[in-house]
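Novice: What follows is target.cif; its format and atoms are mmCIF, C-alpha atoms and all ligand atoms.
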data_protein
loop_
_atom_site.label_atom_id
_atom_site.label_comp_id
_atom_site.auth_asym_id
_atom_site.auth_seq_id
_atom_site.Cartn_x
_atom_site.Cartn_y
_atom_site.Cartn_z
CA MET A 1 11.27 -22.36 9.24
CA SER A 2 8.81 -20.16 7.36
CA GLY A 3 11.08 -19.03 4.60
CA LYS A 4 14.57 -18.31 3.31
CA PHE A 5 15.01 -15.17 1.29
CA ASP A 6 17.71 -12.95 -0.15
CA VAL A 7 16.36 -10.03 1.84
CA ILE A 8 13.90 -9.80 4.72
CA ILE A 9 12.27 -6.39 4.94
CA ALA A 10 10.76 -5.60 8.33
CA GLY A 11 8.01 -2.99 7.99
CA ALA A 12 5.97 -1.89 4.98
CA GLY A 13 5.97 1.88 5.33
CA PRO A 14 7.43 3.97 2.50
CA ALA A 15 11.01 2.89 3.33
CA GLY A 16 10.25 -0.84 3.33
CA SER A 17 7.94 -0.86 0.32
CA ALA A 18 10.31 1.23 -1.81
CA ALA A 19 13.21 -1.06 -0.89
CA ALA A 20 11.13 -4.18 -1.60
CA TYR A 21 10.09 -2.85 -5.01
CA ILE A 22 13.69 -2.10 -6.00
CA LEU A 23 15.05 -5.46 -4.84
CA ALA A 24 12.19 -7.51 -6.30
CA THR A 25 12.49 -5.67 -9.62
CA LYS A 26 16.17 -6.66 -9.69
CA GLY A 27 15.13 -10.31 -9.26
CA PHE A 28 15.98 -10.85 -5.58
CA LYS A 29 13.80 -13.05 -3.40
CA VAL A 30 12.24 -10.63 -0.94
CA ALA A 31 9.89 -11.01 2.04
CA VAL A 32 8.11 -7.94 3.45
CA ILE A 33 6.71 -8.43 6.93
CA ASP A 34 4.36 -5.98 8.65
CA LYS A 35 2.28 -6.26 11.79
CA ALA A 36 -0.57 -4.26 10.27
CA LYS A 37 -3.29 -5.36 7.91
CA PHE A 38 -3.23 -3.11 4.84
CA PRO A 39 -4.58 -0.60 4.02
CA ARG A 40 -3.63 0.71 7.45
CA LYS A 41 -3.75 4.14 9.02
CA LYS A 42 -0.60 6.09 9.88
CA LEU A 43 -0.63 9.27 11.92
CA CYS A 44 0.94 11.76 9.50
CA GLY A 45 0.33 15.21 8.02
CA GLY A 46 0.96 13.70 4.59
CA LEU A 47 2.89 16.71 3.28
CA ILE A 48 5.29 15.76 0.51
CA THR A 49 7.88 18.01 -1.07
CA ASP A 50 9.25 18.30 -4.58
CA LYS A 51 12.22 16.08 -3.72
CA THR A 52 9.73 13.36 -2.74
CA MET A 53 8.03 13.60 -6.14
CA LYS A 54 11.44 13.31 -7.82
CA THR A 55 12.36 10.29 -5.70
CA LEU A 56 9.07 8.60 -6.60
CA GLU A 57 10.01 9.17 -10.23
CA LYS A 58 13.49 7.72 -9.68
CA ILE A 59 12.16 4.60 -7.96
CA TYR A 60 8.97 3.91 -9.91
CA GLY A 61 9.54 5.85 -13.13
CA TYR A 62 6.37 7.87 -12.50
CA SER A 63 6.34 11.41 -13.80
CA GLU A 64 4.63 14.08 -11.71
CA LYS A 65 1.60 13.70 -14.00
CA ALA A 66 1.50 9.93 -13.46
CA ILE A 67 1.74 10.31 -9.67
CA ILE A 68 -1.23 12.67 -9.78
CA GLU A 69 -3.14 10.45 -12.25
CA ASN A 70 -2.64 7.46 -9.94
CA GLY A 71 -4.66 9.37 -7.34
CA LEU A 72 -1.79 9.67 -4.88
CA ILE A 73 -2.03 13.42 -4.40
CA GLU A 74 -5.13 14.40 -2.46
CA TYR A 75 -4.51 18.11 -2.22
CA GLU A 76 -1.98 20.70 -3.30
CA ALA A 77 -1.32 24.35 -2.54
CA ALA A 78 1.57 26.68 -3.28
CA GLU A 79 0.57 29.17 -0.59
CA TYR A 80 1.53 28.88 3.05
CA SER A 81 1.19 30.93 6.25
CA VAL A 82 3.51 31.18 9.23
CA PHE A 83 2.28 32.46 12.60
CA TYR A 84 3.96 33.35 15.87
CA ARG A 85 1.17 32.24 18.21
CA ASP A 86 -1.82 34.15 16.77
CA TYR A 87 0.30 36.85 15.08
CA LYS A 88 0.72 36.24 11.36
CA ILE A 89 4.39 36.53 10.35
CA GLN A 90 4.02 35.76 6.69
CA ASP A 91 1.64 34.73 3.93
CA GLY A 92 3.82 33.31 1.19
CA ALA A 93 3.74 31.35 -2.02
CA SER A 94 6.20 28.64 -2.89
CA PRO A 95 7.44 28.33 -6.50
CA ILE A 96 6.51 24.64 -6.25
CA PRO A 97 3.30 23.45 -4.59
CA PHE A 98 3.18 21.57 -1.30
CA ARG A 99 1.39 18.30 -1.94
CA PHE A 100 -0.54 16.11 0.45
CA VAL A 101 -1.01 12.35 0.42
CA ASN A 102 -3.34 10.19 2.46
CA ARG A 103 -0.98 7.68 4.09
CA GLU A 104 -3.59 4.93 4.11
CA ILE A 105 -3.80 5.15 0.31
CA PHE A 106 -0.15 6.07 -0.35
CA ASP A 107 1.42 3.27 1.72
CA TYR A 108 -0.98 0.65 0.36
CA PHE A 109 -0.19 1.76 -3.20
CA LEU A 110 3.56 1.37 -2.59
CA LEU A 111 3.09 -2.03 -0.95
CA LYS A 112 1.05 -3.25 -3.95
CA LYS A 113 3.84 -2.02 -6.25
CA ALA A 114 6.29 -4.18 -4.26
CA ALA A 115 3.94 -7.19 -4.45
CA ASN A 116 3.43 -6.75 -8.20
CA ALA A 117 7.21 -6.63 -8.65
CA GLY A 118 7.43 -10.06 -7.01
CA ALA A 119 8.06 -9.36 -3.32
CA GLN A 120 6.25 -11.78 -0.99
CA ILE A 121 4.11 -9.84 1.46
CA PHE A 122 3.29 -11.07 4.95
CA THR A 123 0.91 -8.70 6.74
CA SER A 124 -0.70 -9.08 10.19
CA GLU A 125 2.64 -10.61 11.24
CA GLU A 126 4.26 -8.83 14.16
CA ILE A 127 8.00 -9.29 14.50
CA VAL A 128 8.74 -10.08 18.13
CA HIS A 129 12.33 -11.23 17.97
CA CYS A 130 15.33 -10.48 15.80
CA ASN A 131 18.73 -12.12 15.57
CA TYR A 132 20.48 -9.34 13.70
CA GLN A 133 23.77 -11.23 13.22
CA ASP A 134 21.99 -14.01 11.33
CA ALA A 135 19.46 -11.71 9.59
CA GLU A 136 16.68 -13.76 11.12
CA ILE A 137 13.37 -12.70 12.62
CA LYS A 138 10.56 -14.44 14.43
CA THR A 139 6.93 -13.33 14.39
CA LYS A 140 4.27 -13.50 17.09
CA SER A 141 2.72 -16.46 15.25
CA ASN A 142 6.08 -18.27 15.56
CA LYS A 143 7.08 -17.94 11.92
CA ILE A 144 10.79 -17.63 11.29
CA PHE A 145 12.19 -15.74 8.32
CA LYS A 146 15.85 -15.80 7.41
CA GLY A 147 17.64 -13.77 4.79
CA LYS A 148 21.10 -13.07 3.47
CA TYR A 149 20.29 -9.55 4.66
CA LEU A 150 17.70 -8.00 6.93
CA LEU A 151 16.47 -4.45 6.33
CA GLY A 152 14.88 -2.81 9.37
CA THR A 153 12.26 -0.35 8.13
CA ASP A 154 9.84 -0.94 10.97
CA GLY A 155 9.51 2.68 11.98
CA VAL A 156 10.34 4.73 15.03
CA ASN A 157 9.66 1.94 17.57
CA SER A 158 11.67 -0.53 15.47
CA THR A 159 12.02 -4.02 16.94
CA ILE A 160 14.99 -4.54 14.62
CA ARG A 161 16.78 -1.45 15.99
CA LYS A 162 16.14 -2.60 19.54
CA SER A 163 18.00 -5.84 18.74
CA VAL A 164 21.20 -4.11 17.52
CA PRO A 165 23.83 -2.35 19.64
CA TYR A 166 22.77 1.28 19.15
CA ASP A 167 23.18 4.28 21.48
CA LYS A 168 19.88 4.25 23.39
CA LYS A 169 20.70 7.37 25.41
CA ALA A 170 21.42 9.47 22.30
CA TRP A 171 18.27 8.10 20.70
CA LYS A 172 16.08 9.09 23.65
CA GLU A 173 17.71 12.51 23.89
CA ASN A 174 16.22 13.67 20.59
CA MET A 175 12.84 12.00 20.54
CA ALA A 176 9.78 14.13 19.93
CA SER A 177 6.14 13.54 20.75
CA THR A 178 3.30 14.39 18.43
CA ILE A 179 -0.47 14.53 18.60
CA GLU A 180 -2.59 14.81 15.48
CA ILE A 181 -6.34 15.16 14.88
CA THR A 182 -8.11 14.91 11.54
CA PHE A 183 -11.31 16.94 11.33
CA ASP A 184 -13.94 16.72 8.63
CA ALA A 185 -13.49 20.07 6.87
CA LYS A 186 -17.14 20.94 7.55
CA ASP A 187 -16.57 20.51 11.31
CA TYR A 188 -13.51 22.77 11.48
CA PRO A 189 -14.38 26.32 12.56
CA ARG A 190 -12.91 27.85 9.40
CA GLU A 191 -11.74 27.01 5.92
CA VAL A 192 -8.10 25.88 5.59
CA LYS A 193 -6.80 26.31 2.05
CA TRP A 194 -3.06 25.88 2.50
CA PRO A 195 -0.56 24.70 5.13
CA GLU A 196 -0.19 26.85 8.23
CA LEU A 197 2.65 26.68 10.74
CA TYR A 198 2.41 28.04 14.29
CA ILE A 199 5.58 28.69 16.26
CA GLY A 200 6.12 30.31 19.64
CA CYS A 201 3.80 27.99 21.60
CA LEU A 202 6.62 25.50 22.28
CA LYS A 203 10.32 25.79 23.10
CA ALA A 204 11.38 23.27 20.44
CA GLY A 205 8.52 22.33 18.19
CA TYR A 206 5.51 23.70 16.37
CA ILE A 207 1.85 23.24 15.54
CA TRP A 208 0.61 22.59 12.01
CA VAL A 209 -2.76 23.00 10.36
CA PHE A 210 -2.80 21.22 7.02
CA PRO A 211 -5.51 21.03 4.38
CA ALA A 212 -6.52 17.64 2.98
CA LYS A 213 -9.30 16.34 0.77
CA ASP A 214 -12.48 17.34 2.68
CA LYS A 215 -10.39 17.26 5.89
CA VAL A 216 -8.27 19.48 8.09
CA VAL A 217 -5.31 17.94 9.89
CA VAL A 218 -4.12 19.67 13.07
CA GLY A 219 -1.00 18.44 14.81
CA ILE A 220 1.61 19.34 17.38
CA GLY A 221 5.17 18.09 17.63
CA SER A 222 7.83 18.90 20.17
CA LEU A 223 11.17 17.64 21.45
CA ASN A 224 10.39 15.71 24.65
CA ARG A 225 13.22 17.11 26.75
CA CYS A 226 12.12 20.72 26.09
CA THR A 227 8.41 20.13 26.59
CA THR A 228 6.05 20.86 29.42
CA ASN A 229 2.25 21.00 29.21
CA PHE A 230 2.26 19.40 25.77
CA LYS A 231 -1.36 18.29 25.75
CA ALA A 232 -2.60 21.51 27.38
CA THR A 233 -0.75 23.57 24.74
CA PHE A 234 -2.55 21.65 22.02
CA ILE A 235 -5.97 21.97 23.67
CA ASN A 236 -5.40 25.73 24.14
CA PHE A 237 -4.47 26.04 20.50
CA LEU A 238 -7.62 24.22 19.38
CA THR A 239 -9.68 26.50 21.63
CA SER A 240 -8.02 29.54 20.06
CA GLN A 241 -9.00 28.16 16.64
CA GLY A 242 -12.64 28.05 17.75
CA VAL A 243 -12.90 24.26 18.17
CA LYS A 244 -15.69 23.54 20.67
CA ASN A 245 -14.87 21.37 23.73
CA PRO A 246 -11.47 20.19 22.41
CA GLU A 247 -10.78 18.38 25.69
CA THR A 248 -13.52 15.86 24.78
CA ILE A 249 -11.88 14.91 21.45
CA PRO A 250 -9.93 11.62 21.59
CA LEU A 251 -6.26 12.42 20.99
CA HIS A 252 -3.82 10.14 19.19
CA GLY A 253 -0.09 10.54 19.58
CA PHE A 254 2.96 8.97 18.01
CA PRO A 255 6.70 9.40 18.60
CA LEU A 256 8.84 11.11 15.98
CA PRO A 257 12.63 10.90 15.62
CA TYR A 258 13.75 14.53 15.82
CA GLY A 259 17.50 14.80 15.42
CA ASN A 260 18.47 11.36 16.75
CA TYR A 261 19.61 9.80 13.49
CA ILE A 262 22.02 6.88 13.69
CA LYS A 263 25.30 7.72 12.01
CA ASN A 264 26.15 4.16 11.05
CA PRO A 265 22.93 2.14 10.75
CA CYS A 266 24.74 -0.97 9.44
CA TYR A 267 25.22 -3.99 11.69
CA GLY A 268 26.75 -6.74 9.57
CA ARG A 269 23.87 -8.44 7.78
CA THR A 270 21.29 -6.05 9.24
CA ILE A 271 20.73 -2.50 8.00
CA LEU A 272 18.29 0.19 9.14
CA ALA A 273 16.53 2.84 7.03
CA GLY A 274 13.79 5.45 7.43
CA ASP A 275 12.38 6.22 10.89
CA ALA A 276 13.96 3.04 12.30
CA ALA A 277 17.34 4.79 11.87
CA GLY A 278 15.98 8.20 12.93
CA LEU A 279 16.39 9.54 9.39
CA VAL A 280 13.95 12.43 9.66
CA GLU A 281 14.65 16.11 8.97
CA PRO A 282 14.76 17.66 12.46
CA LEU A 283 13.22 21.09 11.93
CA PHE A 284 9.90 20.41 10.18
CA GLY A 285 9.91 16.65 10.85
CA GLU A 286 9.78 15.65 7.19
CA GLY A 287 10.12 11.86 7.07
CA ILE A 288 8.34 10.47 4.00
CA PHE A 289 11.07 11.64 1.64
CA TYR A 290 13.85 10.38 3.91
CA ALA A 291 12.11 7.01 4.25
CA LEU A 292 11.78 6.58 0.47
CA GLN A 293 15.28 7.81 -0.28
CA THR A 294 17.10 5.83 2.42
CA GLY A 295 14.98 2.74 1.65
CA ARG A 296 16.16 3.15 -1.92
CA TYR A 297 19.82 3.64 -0.97
CA ALA A 298 19.71 0.63 1.36
CA ALA A 299 18.07 -1.60 -1.26
CA GLU A 300 20.55 -0.60 -3.96
CA ALA A 301 23.43 -1.17 -1.54
CA ILE A 302 22.17 -4.63 -0.58
CA ALA A 303 21.65 -5.55 -4.26
CA LYS A 304 25.20 -4.47 -5.08
CA GLY A 305 26.57 -6.18 -1.98
CA ILE A 306 24.99 -9.52 -2.89
CA THR A 307 25.95 -9.28 -6.57
CA GLU A 308 29.55 -8.26 -5.94
CA ASN A 309 29.94 -10.27 -2.74
CA LYS A 310 30.81 -7.14 -0.78
CA ASN A 311 29.53 -5.53 2.40
CA PRO A 312 26.47 -3.34 1.51
CA ALA A 313 27.57 -0.82 4.16
CA GLN A 314 30.33 0.31 1.84
CA PHE A 315 27.69 1.42 -0.67
CA TYR A 316 24.99 2.62 1.75
CA LEU A 317 27.03 4.76 4.15
CA PRO A 318 28.75 7.02 1.59
CA ARG A 319 25.37 7.95 0.09
CA LEU A 320 23.93 8.73 3.53
CA GLN A 321 27.01 10.83 4.29
CA GLN A 322 26.96 12.69 0.99
CA TYR A 323 23.25 13.33 0.49
CA ILE A 324 21.26 12.75 3.69
CA PHE A 325 23.36 13.68 6.72
CA PRO A 326 24.22 17.25 5.57
CA GLU A 327 20.48 18.02 5.36
CA ILE A 328 19.85 16.61 8.84
CA ILE A 329 22.90 18.28 10.40
CA TYR A 330 22.22 21.73 8.95
CA SER A 331 18.47 21.67 9.54
CA ASN A 332 19.29 20.76 13.15
CA ARG A 333 21.53 23.85 13.38
CA LEU A 334 18.86 26.02 11.81
CA ARG A 335 16.24 24.74 14.22
CA TRP A 336 18.32 25.62 17.27
CA THR A 337 19.09 29.07 15.82
CA LEU A 338 15.38 29.67 15.32
CA PHE A 339 14.12 28.02 18.51
CA TYR A 340 16.69 29.71 20.78
CA SER A 341 16.21 33.08 19.13
CA GLN A 342 12.43 32.92 19.58
CA ARG A 343 13.01 32.84 23.36
CA LEU A 344 14.79 36.20 23.15
CA LEU A 345 13.38 37.85 20.07
CA LYS A 346 9.94 36.17 19.85
CA HIS A 347 8.87 36.22 16.20
CA VAL A 348 11.61 38.58 14.93
CA SER A 349 14.16 36.03 13.65
CA PHE A 350 11.45 33.99 11.92
CA LYS A 351 10.04 37.15 10.40
CA ILE A 352 13.44 38.23 9.08
CA ALA A 353 14.07 34.75 7.64
CA PHE A 354 10.67 34.37 5.98
CA LYS A 355 10.42 37.97 4.75
CA SER A 356 13.93 38.22 3.31
CA LEU A 357 14.29 34.74 1.80
CA PRO A 358 10.78 33.41 1.08
CA THR A 359 11.63 31.71 -2.21
CA LYS A 360 14.97 30.33 -1.06
CA LEU A 361 13.43 28.89 2.11
CA ALA A 362 10.63 27.25 0.11
CA GLU A 363 13.27 25.84 -2.26
CA MET A 364 15.19 24.54 0.76
CA ILE A 365 12.13 22.69 2.04
CA HIS A 366 11.50 21.26 -1.42
CA GLY A 367 15.11 20.08 -1.72
CA ILE A 368 16.15 22.37 -4.55
CA ARG A 369 18.43 24.08 -2.08
CA SER A 370 20.26 22.48 0.79
CA TYR A 371 19.73 23.23 4.48
CA LYS A 372 23.49 23.77 4.28
CA PHE A 373 23.86 27.51 3.56
CA LEU A 374 20.95 27.38 1.08
CA LEU A 375 23.32 26.10 -1.59
CA LYS A 376 21.82 24.47 -4.68
CA LYS A 377 21.30 20.81 -3.81
CA LYS A 378 22.16 17.92 -6.10
CA TRP A 379 20.47 14.62 -5.31
CA ASP A 380 21.53 11.38 -6.93
C1 LIG A 401 2.02 13.12 13.65
C2 LIG A 401 3.03 12.95 12.55
C3 LIG A 401 2.94 13.74 11.41
C4 LIG A 401 3.86 13.59 10.37
N1 LIG A 401 3.72 14.36 9.26
C5 LIG A 401 4.59 14.21 8.24
C6 LIG A 401 4.42 14.96 7.03
O1 LIG A 401 3.47 15.73 6.88
N2 LIG A 401 5.33 14.77 6.04
C7 LIG A 401 6.39 13.92 6.17
O2 LIG A 401 7.21 13.81 5.25
N3 LIG A 401 6.57 13.19 7.30
C8 LIG A 401 5.69 13.30 8.32
N4 LIG A 401 5.83 12.54 9.44
C9 LIG A 401 6.94 11.55 9.50
C10 LIG A 401 6.59 10.31 8.68
O3 LIG A 401 5.30 9.84 9.04
C11 LIG A 401 7.62 9.19 8.92
O4 LIG A 401 8.91 9.74 8.88
C12 LIG A 401 7.49 8.08 7.88
O5 LIG A 401 6.26 7.42 8.01
C13 LIG A 401 8.63 7.07 8.02
O6 LIG A 401 8.42 5.99 7.14
P1 LIG A 401 9.04 4.56 7.47
O7 LIG A 401 8.75 3.71 6.28
O8 LIG A 401 10.42 4.69 7.94
O9 LIG A 401 8.21 4.03 8.74
P2 LIG A 401 6.65 3.88 8.97
O10 LIG A 401 5.89 4.65 7.98
O11 LIG A 401 6.41 4.15 10.41
O12 LIG A 401 6.38 2.34 8.68
C14 LIG A 401 6.82 1.34 9.57
C15 LIG A 401 6.02 0.07 9.34
O13 LIG A 401 6.56 -0.94 10.18
C16 LIG A 401 5.52 -1.69 10.75
N5 LIG A 401 6.00 -2.27 12.02
C17 LIG A 401 6.38 -1.61 13.12
N6 LIG A 401 6.77 -2.48 14.08
C18 LIG A 401 6.63 -3.72 13.55
C19 LIG A 401 6.85 -5.05 14.05
N7 LIG A 401 7.29 -5.27 15.28
N8 LIG A 401 6.59 -6.09 13.23
C20 LIG A 401 6.13 -5.88 11.96
N9 LIG A 401 5.89 -4.65 11.45
C21 LIG A 401 6.14 -3.59 12.23
C22 LIG A 401 4.38 -0.69 10.95
O14 LIG A 401 3.13 -1.34 10.99
C23 LIG A 401 4.55 0.21 9.72
O15 LIG A 401 3.73 -0.21 8.64
C24 LIG A 401 4.92 12.65 10.49
C25 LIG A 401 5.02 11.85 11.64
C26 LIG A 401 4.09 11.99 12.65
C27 LIG A 401 4.20 11.12 13.87
#
Let me see the structure of the file written as structure tokens.
Ligand SMILES: Cc1cc2nc3c(=O)[nH]c(=O)nc-3n(C[C@H](O)[C@H](O)[C@H](O)COP(=O)(O)OP(=O)(O)OC[C@H]3O[C@@H](n4cnc5c(N)ncnc54)[C@H](O)[C@@H]3O)c2cc1C

Specialist:
Amino acid sequence: MSGKFDVIIAGAGPAGSAAAYILATKGFKVAVIDKAKFPRKKLCGGLITDKTMKTLEKIYGYSEKAIIENGLIEYEAAEYSVFYRDYKIQDGASPIPFRFVNREIFDYFLLKKAANAGAQIFTSEEIVHCNYQDAEIKTKSNKIFKGKYLLGTDGVNSTIRKSVPYDKKAWKENMASTIEITFDAKDYPREVKWPELYIGCLKAGYIWVFPAKDKVVVGIGSLNRCTTNFKATFINFLTSQGVKNPETIPLHGFPLPYGNYIKNPCYGRTILAGDAAGLVEPLFGEGIFYALQTGRYAAEAIAKGITENKNPAQFYLPRLQQYIFPEIIYSNRLRWTLFYSQRLLKHVSFKIAFKSLPTKLAEMIHGIRSYKFLLKKKWD
């Protein structure tokens, strides 16, 4: 036995570290276990929205100024461009800037916050087995950790999720693939000052070109079941951007949950949050916010469950249903409206949407408005 804890947290991405910080701050005995050695890289565009900034403030008490002063924001831009293939649909400006984090720095910062709050951190420890009913995990080095509760925040390929009875077919149905390359800004054929989105190259997905500090991040994401020639589409895009010999560049890919969220990610003493539960917005693929927010909801539910001797699911699920699922459900509807219409109308529906509602759409992405009918959104 390597340790008995109140809560075992599997995975130290934003979901796990936020949850660990909250629980440790409340005085619970917490173990965070991650297979990686930190700081570690994570394939990610690093775009964070206004609702992410507000959630960071809720969890850590950091104002926007403090988040920036802590060096977490590497780049910001209010402008954006949307293209249909190489035709520019819209140059716009959001009332609130899009901000970019470097995940290596961001995730390490959050993990250190959890450690400083008293969570015990076990890195370079890969979880290979999970007994979800007993909230017990075993690592590759044969360490066993047991908790009153186990929180699975071990990302899209979650070992914890694979141990619980979840609907594997539904999960597979809405998985997306991604490829992302980070260029040194000086090596990219042109200057990239703000985020750019390219639609029309894929049936259900898009290409992004994001600015970063002295870097340019170019990525492609698409729903697997609607995708053919994924890699070739990306190489062709890079060629169209003026990148020389893109086929010789090593490509890195990673799966992304893309509409396959689990409606009840509670399994007795084991709970899932973040990517492990598929809690990603399924149009743009925003996941950092959903990881932080659902990690927070799960941690607060577990804390209340232990304190009041009640099932945490009764506190976690209602918050998912009230605040998270409507965004996922309605962004999923919007994506199919846009993706189906592009097959018939090419760029026209996107153009109408972006030209007629530029501010409201930007507010929707930032979480000021909901994906549900663009109504004003209240977060708790
Ligand atoms: C190419 C790409 C670009 C993206 N761009 C954006 C973006 O710009 N903005 C945005 O908001 N979202 C973006 N996302 C989504 C975002 O990266 C995820 O939604 C987010 O990282 C989820 O956080 P998480 O804490 O749930 O999981 P993760 O960040 O994946 O963390 C999971 C952790 O679990 C650990 N782990 C996994 N398996 C084990 C195991 N067996 N044992 C121990 N530890 C384990 C991993 O090492 C990792 O540290 C992007 C995703 C991809 C793939």

Novice: In terms of the shortest atom-to-atom distance over only C-alpha atoms and all ligand atoms, which of A:Ser81, A:Asn264, A:Thr52, A:Thr159 is closest to ligand LIG 401 (chain A)?

Specialist: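 Nearest to ligand LIG 401 (chain A): A:Thr159.
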
Novice: Could you list, as an mmCIF file with C-alpha atoms, in the frame of the given file, every residue within 6 Å of Gly46 (chain A), counting all atoms listed in the file and ignoring same-chain residues fewer than 5 positions away?

Specialist:
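The file below, around00.cif, is the result:
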data_model
loop_
_atom_site.group_PDB
_atom_site.id
_atom_site.type_symbol
_atom_site.label_atom_id
_atom_site.label_comp_id
_atom_site.auth_asym_id
_atom_site.auth_seq_id
_atom_site.Cartn_x
_atom_site.Cartn_y
_atom_site.Cartn_z
ATOM 1 C CA PHE A 100 -0.540 16.110 0.450
ATOM 2 C CA VAL A 101 -1.010 12.350 0.420
ATOM 3 C CA ASN A 102 -3.340 10.190 2.460
#

Novice: At a cut-off of 7 Å, using only C-alpha atoms, what residues contact Gly278 (chain A)? Leave out same-chain residues fewer than 2 positions from it and give the result as an MDAnalysis selection string.

Specialist: chainID A and resid 156 257 260:262 274:276 280

Novice: Using only C-alpha atoms, please write the residues we just selected to a file, as a PDB file, in the frame of the given file.

Specialist:
ATOM      1  CA  VAL A 156      10.340   4.730  15.030  1.00  0.00           C
ATOM      2  CA  PRO A 257      12.630  10.900  15.620  1.00  0.00           C
ATOM      3  CA  ASN A 260      18.470  11.360  16.750  1.00  0.00           C
ATOM      4  CA  TYR A 261      19.610   9.800  13.490  1.00  0.00           C
ATOM      5  CA  ILE A 262      22.020   6.880  13.690  1.00  0.00           C
ATOM      6  CA  GLY A 274      13.790   5.450   7.430  1.00  0.00           C
ATOM      7  CA  ASP A 275      12.380   6.220  10.890  1.00  0.00           C
ATOM      8  CA  ALA A 276      13.960   3.040  12.300  1.00  0.00           C
ATOM      9  CA  VAL A 280      13.950  12.430   9.660  1.00  0.00           C
TER      10      VAL A 280
END

Novice: Within 9 Å of Met175 (chain A), counting only C-alpha atoms, which residues qualify if same-chain residues fewer than 3 places away don't, as a VMD selection string?

Specialist: chain A and resid 171 to 172 222 to 225 255 to 260

Novice: Show me which residues line ligand LIG 401 (chain A), defined as having an atom within 6 Å of a ligand atom where all atoms listed in the file count, and present them as number ranges by chain.

Specialist: A: 10-16, 33-36, 43-48, 125-128, 153-155, 158-159, 178-180, 254-256, 274-276, 280, 285-289, 291

Novice: List as JSON, numbers by chain the protein and nucleic acid residues near region 352-361 of chain A, meaning an atom at most 9 Å away when all atoms listed in the file are counted, but skip any in the same chain fewer than 5 places from it.

Specialist: {"A": [82, 89, 90, 92, 93, 94, 95, 347, 366, 368, 369, 371, 374]}

Novice: Give me, as number ranges by chain, all polymer residues having an atom no more than 9 Å from Val209 (chain A), counting only C-alpha atoms and skipping those fewer than 6 positions away in the same chain.

Specialist: A: 45, 192, 194-198, 216-219

Novice: For a quick check of understanding, using all atoms listed in the file, which of A:Thr227, A:Thr123, A:Ser331, A:Ser177 has the smallest distance to Ile365 (chain A)?

Specialist: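 So, comparing all the options, the nearest one is A:Ser331.
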
Novice: Which one of A:Leu272, A:Tyr330, A:Lys4, A:Asn157 sits closest to Ile302 (chain A) if you count all atoms listed in the file?

Specialist: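 Counting all atoms listed in the file, the residue closest to Ile302 (chain A) is A:Leu272.
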
Novice: What is the distance between CA of Pro250 (chain A) and CA of Pro211 (chain A), in Å to one decimal?

Specialist: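 Spanning CA of Pro250 (chain A) to CA of Pro211 (chain A) is a straight-line distance of 20.1 Å.
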